[in-house]
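Novice: Take a look at the following structure, please.
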Amino acid sequence: MQYIFIAIALLLILESCLIYKATFTEKILWDDDEIAVLKSLHIENLQETPLSNNNALAKFGQILFFENELSSNKNVSCASCHEPENYFTDKEPLPTNGVGTANTHTPTIVGISNSSWFFWDGRKDSLWSQALGPLENPVEHGTNRMQVVKTVLRKYDTLYRSQFGDIPDLSNNDHFPNNASPLGNNTTWKKNWKNMREDDKVLVNQVFANIGRSIAEYEKYIQPGKSAFDEFVSDLGHSNTSDKLSPEAQYGVKLFLNAEKTGCINCHNGPLFSNHSFQATGISANEDSPEKIKGGRLSGIANAISDEFNCYSQYAQEDCSELKYAKKLGTELVSAFKVPTLRNIGETAPYMHNGSLESLKDVLSYYNKARPKIGVHMELRPLRLFPHQLKQIHAFLQTLTAPLASDRQWLTNPQNSHP
Amino acid sequence: MFFFRTAILIFSLLSSQLSAAESITSQYNELQAKVEAGIFNIQIYTESSSIPFNKINTWRLQITDKDNKPALNLSISAKGGMKLHKHGLPTSPQVEAGTLPGEYFIHGLKFQMDGEWFIQLVLSKQHQEITEAEYIFEVSYQQPH
């Protein structure tokens with residue numbers, strides 16, 4: 001019996017050595033089917049690509065994105081957590097740069113305009129309405145709708161007017177108190193909002209929605225750049241072999257494409273390496289959070305349906321197909337969170353919706369074992385890859401990093417550029 | 001004179017409705033499959049020759065009965081998924097009758113993974129037994145440009 005175990009161990013070592021040797025000696029061939037799938041991942045397939053650099057609405061949105069006054073302590077902007085120098089993430093497990101600590105990890109916004117759903121649980125169905133959420137979140141910007149609207153109209157009246165026409169007169173404090181919001185946990189703000197006339201609320205909401213539209217227009221300019229992986233795929237357009245990636249990374253690509261063995265590509269497909277759907281990875285939220293039970297997409301879609309700025313609202317102009325036909329019930333929605341892009345994944349640690357995995361190695365190790373947990377819905381099955389194979393996938397993922405395609409002018413605070 | 005004008009108005013309205021119906025029908029004109037299910041023959045049409053990947057799309061069904069007559073007033077529900085991955089559709093499709101006899105539309109279909117999918121149709125008519133039809137098909141990342 002002992003000899004059998006030794007023989008198996010020797011065989012495994014031999015296999016590893018052979019693969020290791022192959023990694024550094026053989027030319028790796030790619031067949032037509034593989035190349036076709038690789039082409040579908042190429043960045044040129046992105047629908048939203050950097051537009052001209054003369055979009056006035058986007059420039060207005062950029063100013064608002066970096067504006068600290070749109071917060072309760074006058075010290076928090078969108079860029080506080082979505083830091084341009086970190087691929088618009090904050091490197092924290094949970095964001096602490098806001099008024100408090102949020103309960104989900106800051107996702108990158110690079111390429112986000114290509115998505116149909118927003119936030120980890122998809123509780124918003126448009127980028128512009130997503131941009132409004134953090135402003136009124138007590139632990140993010142921590143402010144209220146009226147304060148945001150009045151600040152923007154006061155500081156940027158000319159810019160606002162140039163984009164949206166006439167400015168409503170909100171000077172009557174009896175009708176438009178300085179602080180009012182239907183959301184959050186401030187009872188005074190909520191009471192002020194409740195006491196407002198319905199048509200006055202609509203006036204304020206319209207300006208608020210326009211603020212969201214401006215920020216969303218800016219975010220369209222934040223797009224990923226062409227990576228070493230894309231260069232490799234372009235090279236395969238001429239031949240069935242390429243040396244644009246290391247052999248180790250190419251074997252990683254092969255594993256990534258293997259739908260049966262790893263299944264990575266089932267969800268991480270398309271030019272952003274995300275199908276923008278929701279998956280239950282078994283990574284639970286904070287143990288004492290209600291999110292553990294009914295969080296994720298299940299509550300996200302319920303919130304999207306009741307959202308006052310969804311595509312059915314009077315402030316929206318978008319096609320409503322995604323919301324209309326979205327799945328509202330089902331076990332697969334329980335604890336399911338948005339599939340993130342893998343573009344620049346090597347530079348956007350930590351990972352998962354709660355930021356609980358520190359490194360890419362930790363993520364791969366988690367997927368490799370994928371142990372079910374009692375009481376936690378999970379759709380993963382263990383990859384059961386050898387250590388050298390995990391290294392190959394890791395090497396491939398590193399090739400998805402590239403400088404952003406966005407012109408430099410979009411990556412800094414425009415107020416600082418023009419003192 | 002009044003009746004003449006009214007007749008022209010009604011004729012115009014009917015013509016415009018008919019042409020709108022024709023235009024919707026012609027939009028979904030790529031025959032994907034013919035499926036036999038009980039007393040029904042179902043022809044499935046899509047907008048383009050390949051089924052769109054990860055986009056909301058609509059299918060048109062043209063359903064006839066065993067006498068090759070349009071199947072009218074059917075109640076139809078649609079569900080589906082990927083058997084290999086043991087998951088359902090990411091959306092909740094809705095079926096509605098078209099304007100032509102025996103014509104129905106499935107709205108809100110979406111397939112976000114490459115591979116083999118199935119759609120199961122449950123057809124019923126008042127006081128008649130339920131018929132189930134299953135259509136298995138492939139969806140690919142590789143979309144024609």
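Just so we're on the same page: first chain in the structure tokens is A, next is B, and so on; residues restart at 1 for each chain, and ligands are numbered from 1 in the order they show up.
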Could you work out which residues of chain A fall inside 12 Å of chain B? Count only C-alpha atoms, and format the result as a ChimeraX atom specification.
Specialist: /A:32-42,45,115-116,257-260,263-271,273-280,297,301,319-333,336,339,379-381
Novice: Need to verify the contact set: stretch 94-110 of chain A, 7 Å, only C-alpha atoms, exclusion of same-chain residues closer than 5 positions in sequence. Can you return it as a PDB file with N, CA and C atoms, in the first residue's frame?
Specialist:
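Output file part.pdb is given in full below:
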```pdb
ATOM      1  N   VAL A  76     -15.893  65.014   1.713  1.00  0.00           N
ATOM      2  CA  VAL A  76     -16.022  63.732   1.000  1.00  0.00           C
ATOM      3  C   VAL A  76     -16.557  63.994  -0.405  1.00  0.00           C
ATOM      4  N   SER A  80     -13.171  60.409  -3.185  1.00  0.00           N
ATOM      5  CA  SER A  80     -12.569  60.011  -1.905  1.00  0.00           C
ATOM      6  C   SER A  80     -12.392  58.498  -1.856  1.00  0.00           C
ATOM      7  N   CYS A  81     -13.368  57.772  -2.389  1.00  0.00           N
ATOM      8  CA  CYS A  81     -13.259  56.303  -2.427  1.00  0.00           C
ATOM      9  C   CYS A  81     -12.866  55.810  -3.816  1.00  0.00           C
ATOM     10  N   HIS A  82     -13.390  56.462  -4.835  1.00  0.00           N
ATOM     11  CA  HIS A  82     -13.027  56.076  -6.216  1.00  0.00           C
ATOM     12  C   HIS A  82     -11.819  56.907  -6.639  1.00  0.00           C
ATOM     13  N   TYR A  87      -7.104  53.070  -9.956  1.00  0.00           N
ATOM     14  CA  TYR A  87      -8.133  52.530 -10.842  1.00  0.00           C
ATOM     15  C   TYR A  87      -9.524  52.759 -10.243  1.00  0.00           C
ATOM     16  N   PHE A  88      -9.672  53.902  -9.619  1.00  0.00           N
ATOM     17  CA  PHE A  88     -10.959  54.328  -9.044  1.00  0.00           C
ATOM     18  C   PHE A  88     -11.448  53.357  -7.963  1.00  0.00           C
ATOM     19  N   THR A  89     -10.489  52.802  -7.207  1.00  0.00           N
ATOM     20  CA  THR A  89     -10.838  52.054  -5.993  1.00  0.00           C
ATOM     21  C   THR A  89     -10.081  52.708  -4.833  1.00  0.00           C
ATOM     22  N   VAL A 139     -23.313  56.853   5.709  1.00  0.00           N
ATOM     23  CA  VAL A 139     -21.902  56.547   5.968  1.00  0.00           C
ATOM     24  C   VAL A 139     -20.995  56.878   4.780  1.00  0.00           C
ATOM     25  N   GLU A 140     -21.571  57.395   3.708  1.00  0.00           N
ATOM     26  CA  GLU A 140     -20.716  57.782   2.576  1.00  0.00           C
ATOM     27  C   GLU A 140     -20.608  59.320   2.549  1.00  0.00           C
ATOM     28  N   HIS A 141     -21.368  59.999   1.711  1.00  0.00           N
ATOM     29  CA  HIS A 141     -21.318  61.470   1.735  1.00  0.00           C
ATOM     30  C   HIS A 141     -22.101  62.027   2.929  1.00  0.00           C
ATOM     31  N   GLY A 142     -23.081  61.269   3.369  1.00  0.00           N
ATOM     32  CA  GLY A 142     -23.800  61.624   4.590  1.00  0.00           C
ATOM     33  C   GLY A 142     -24.624  62.896   4.513  1.00  0.00           C
ATOM     34  N   ILE A 222     -14.359  57.045 -18.221  1.00  0.00           N
ATOM     35  CA  ILE A 222     -13.408  56.250 -17.443  1.00  0.00           C
ATOM     36  C   ILE A 222     -13.446  54.823 -17.990  1.00  0.00           C
ATOM     37  N   GLN A 223     -12.586  54.567 -18.932  1.00  0.00           N
ATOM     38  CA  GLN A 223     -12.602  53.275 -19.625  1.00  0.00           C
ATOM     39  C   GLN A 223     -11.229  52.607 -19.553  1.00  0.00           C
ATOM     40  N   PRO A 224     -11.225  51.265 -19.562  1.00  0.00           N
ATOM     41  CA  PRO A 224      -9.945  50.554 -19.480  1.00  0.00           C
ATOM     42  C   PRO A 224      -9.138  50.690 -20.766  1.00  0.00           C
ATOM     43  N   HIS A 353     -17.211  41.327  -2.670  1.00  0.00           N
ATOM     44  CA  HIS A 353     -18.107  42.452  -2.367  1.00  0.00           C
ATOM     45  C   HIS A 353     -17.905  43.007  -0.966  1.00  0.00           C
ATOM     46  N   ASN A 354     -17.313  42.199  -0.085  1.00  0.00           N
ATOM     47  CA  ASN A 354     -17.062  42.711   1.268  1.00  0.00           C
ATOM     48  C   ASN A 354     -15.577  42.938   1.517  1.00  0.00           C
ATOM     49  N   GLY A 355     -14.784  42.857   0.455  1.00  0.00           N
ATOM     50  CA  GLY A 355     -13.348  43.137   0.568  1.00  0.00           C
ATOM     51  C   GLY A 355     -12.611  42.180   1.489  1.00  0.00           C
TER      52      GLY A 355
END
```
Novice: Please indicate the distance in Å from atom CA of A:Gln163 to atom CA of A:Gln409, rounded to one decimal place.
Specialist: 20.3 Å
Novice: Please return, as a count of residues only, all residues of stretch 27-100 of chain B that DSSP assigns to strand (DSSP E) on the basis of the backbone.
Specialist: 37
Novice: Any idea what's packed within 6 Å of stretch 64-80 of chain B, counting only C-alpha atoms, ignoring anything in its chain fewer than 2 positions away? Could you give it as a PDB file with C-alpha atoms, in the first residue's frame?
Specialist:
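Wrote it out as result20.pdb, contents follow:
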```
ATOM      1  CA  ILE B  39     -51.110  18.741 -30.888  1.00  0.00           C
ATOM      2  CA  PHE B  40     -49.025  21.854 -31.572  1.00  0.00           C
ATOM      3  CA  ASN B  41     -46.369  22.716 -34.085  1.00  0.00           C
ATOM      4  CA  GLY B  88     -32.453  29.087 -14.612  1.00  0.00           C
ATOM      5  CA  LEU B  89     -32.761  32.111 -16.824  1.00  0.00           C
ATOM      6  CA  PRO B 101     -53.479  34.445 -35.824  1.00  0.00           C
ATOM      7  CA  GLY B 102     -51.369  31.895 -33.932  1.00  0.00           C
ATOM      8  CA  PHE B 118     -33.157  25.207 -22.946  1.00  0.00           C
ATOM      9  CA  ILE B 119     -36.479  26.968 -23.092  1.00  0.00           C
ATOM     10  CA  GLN B 120     -39.545  25.184 -21.839  1.00  0.00           C
ATOM     11  CA  LEU B 121     -42.926  26.381 -23.046  1.00  0.00           C
ATOM     12  CA  VAL B 122     -46.118  25.412 -21.266  1.00  0.00           C
ATOM     13  CA  LEU B 123     -49.120  25.834 -23.526  1.00  0.00           C
ATOM     14  CA  SER B 124     -52.710  25.547 -22.443  1.00  0.00           C
ATOM     15  CA  LYS B 125     -56.132  26.437 -23.655  1.00  0.00           C
TER      16      LYS B 125
END
```
Novice: Determine which residues of chain B receive a DSSP assignment of alpha helix (DSSP H), computed from the backbone, and state them as a list in words.
Specialist: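 Selecting the alpha helix (DSSP H) positions of chain B gives Phe2, Phe3, Phe4, Arg5, Thr6, Ala7, Ile8, Leu9, Ile10, Phe11, Ser12, Leu13, Leu14, Ser15, Ser16, Gln17, Leu18, Ser19, Ala20, Ala21, Glu22, Ser23, Ile24, Thr25, Ser26 and Gln27 of chain B.
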